[in-house]
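Asks: Starting off with a structure, shown below.
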Amino acid sequence: MATVKYVTVKGSGSLASSPFYFGLVQHERTMTPSETYAYLADRLGFKPAAVRAVFMGLREYCRENNARGNITFVDGVASIRNFCKGSFEGMNGPWVKGRNFLLVQAVE
């Protein structure tokens, strides 16, 4: 198993009685989609086109689920869900275009 490279950062919470720290993973690079397909194909024994097709199918499935407001669970990997961002004037909104928006996020 590879060693994770990280740095620690002091938290900015003012309610804690003593300082706290959290870790931020230090990434060395980002793989392009083509590099990812080739890497997974090599590791799993499939052709890169087959791996790409699976990712395309998963993308469409996630889009459909998110459009319905559902959570997409990818077993052992992530859950992909909608989050509402932006502040509201009160308990009943209103939704203000430009200030409020939906964000799709994958959670490990």
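In the structure tokens, chains take letters A, B, ... by order of appearance, with residues numbered from 1 within each chain and ligands from 1 in the order shown.
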Got a sec to tell me which of chain A DSSP assigns to strand (DSSP E), as a list in words?
Replies: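 Result set for chain A (strand (DSSP E)): Tyr6, Val7, Thr8, Val9, Lys10, Tyr21, Phe22, Gly23, Leu24, Val25, Thr72, Phe73, Val74, Ala78, Ser79, Ile80, Arg81, Asn82, Phe83, Cys84, Lys85, Phe101, Leu102, Leu103, Val104, Gln105, Ala106 and Val107 of chain A.
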Asks: Write out as a ChimeraX atom specification each polymer residue whose atoms come within 12 Å of Arg81 of chain A, counting only C-alpha atoms; drop sequence neighbours fewer than 2 positions from it.
Replies: /A:62-74,78-79,83-84,102-108
Asks: Go through A:Gln26, A:Tyr61, A:Val54, A:Gly93 one by one, measure the shortest atom-to-atom distance of each to Ile80 of chain A using only C-alpha atoms, and give the residue with the smallest value.
Replies: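 So, comparing all the options, the nearest one is A:Tyr61.
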Asks: Would you pick out the contacts of Asn100 of chain A at 7 Å or less, using only C-alpha atoms, so that residues sharing its chain but fewer than 6 positions from it are not included, and give the list as JSON, numbers by chain?
Replies: {"A": [85, 86, 87]}
Asks: So that I can see what lies close to Glu28 of chain A, please list as a list in words the residues with an atom at most 12 Å from it, counting only C-alpha atoms and leaving out residues fewer than 6 positions away in the same chain.
Replies: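 With the cut-off at 12 Å, the set is Val4, Lys5 and Tyr6 of chain A.
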Asks: Write a file of the selected residues as a compact mmCIF listing (two decimals), in the first residue's frame, keeping C-alpha atoms.
Replies:
# COMPACT_ATOMS: atom_id res chain seq x y z
CA VAL A 4 -0.31 9.05 1.49
CA LYS A 5 1.40 12.43 1.15
CA TYR A 6 -0.35 15.14 3.15
Asks: Apply DSSP to the structure's backbone, then extract all residues of chain A labelled helix (DSSP H, G or I) and return them as a PyMOL selection string.
Replies: chain A and resi 33-44+48-67
Asks: Distance atom CA of Glu89 of chain A-atom CA of Gly11 of chain A, one decimal place?
Replies: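 About the pair atom CA of Glu89 of chain A and atom CA of Gly11 of chain A: they are 28.6 Å apart.
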Asks: Within 8 Å of Leu24 of chain A, counting only C-alpha atoms, which residues qualify if same-chain residues fewer than 6 places away don't, as a list in words?
Replies: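 Near Leu24 of chain A, the qualifying residues are Tyr6, Val7, Thr8 and Val9 of chain A.
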Asks: Excluding same-chain residues fewer than 4 positions from Val51 of chain A, what lies within 10 Å of it counting only C-alpha atoms, as an MDAnalysis selection string?
Replies: chainID A and resid 34 36:41 44:47 55:56
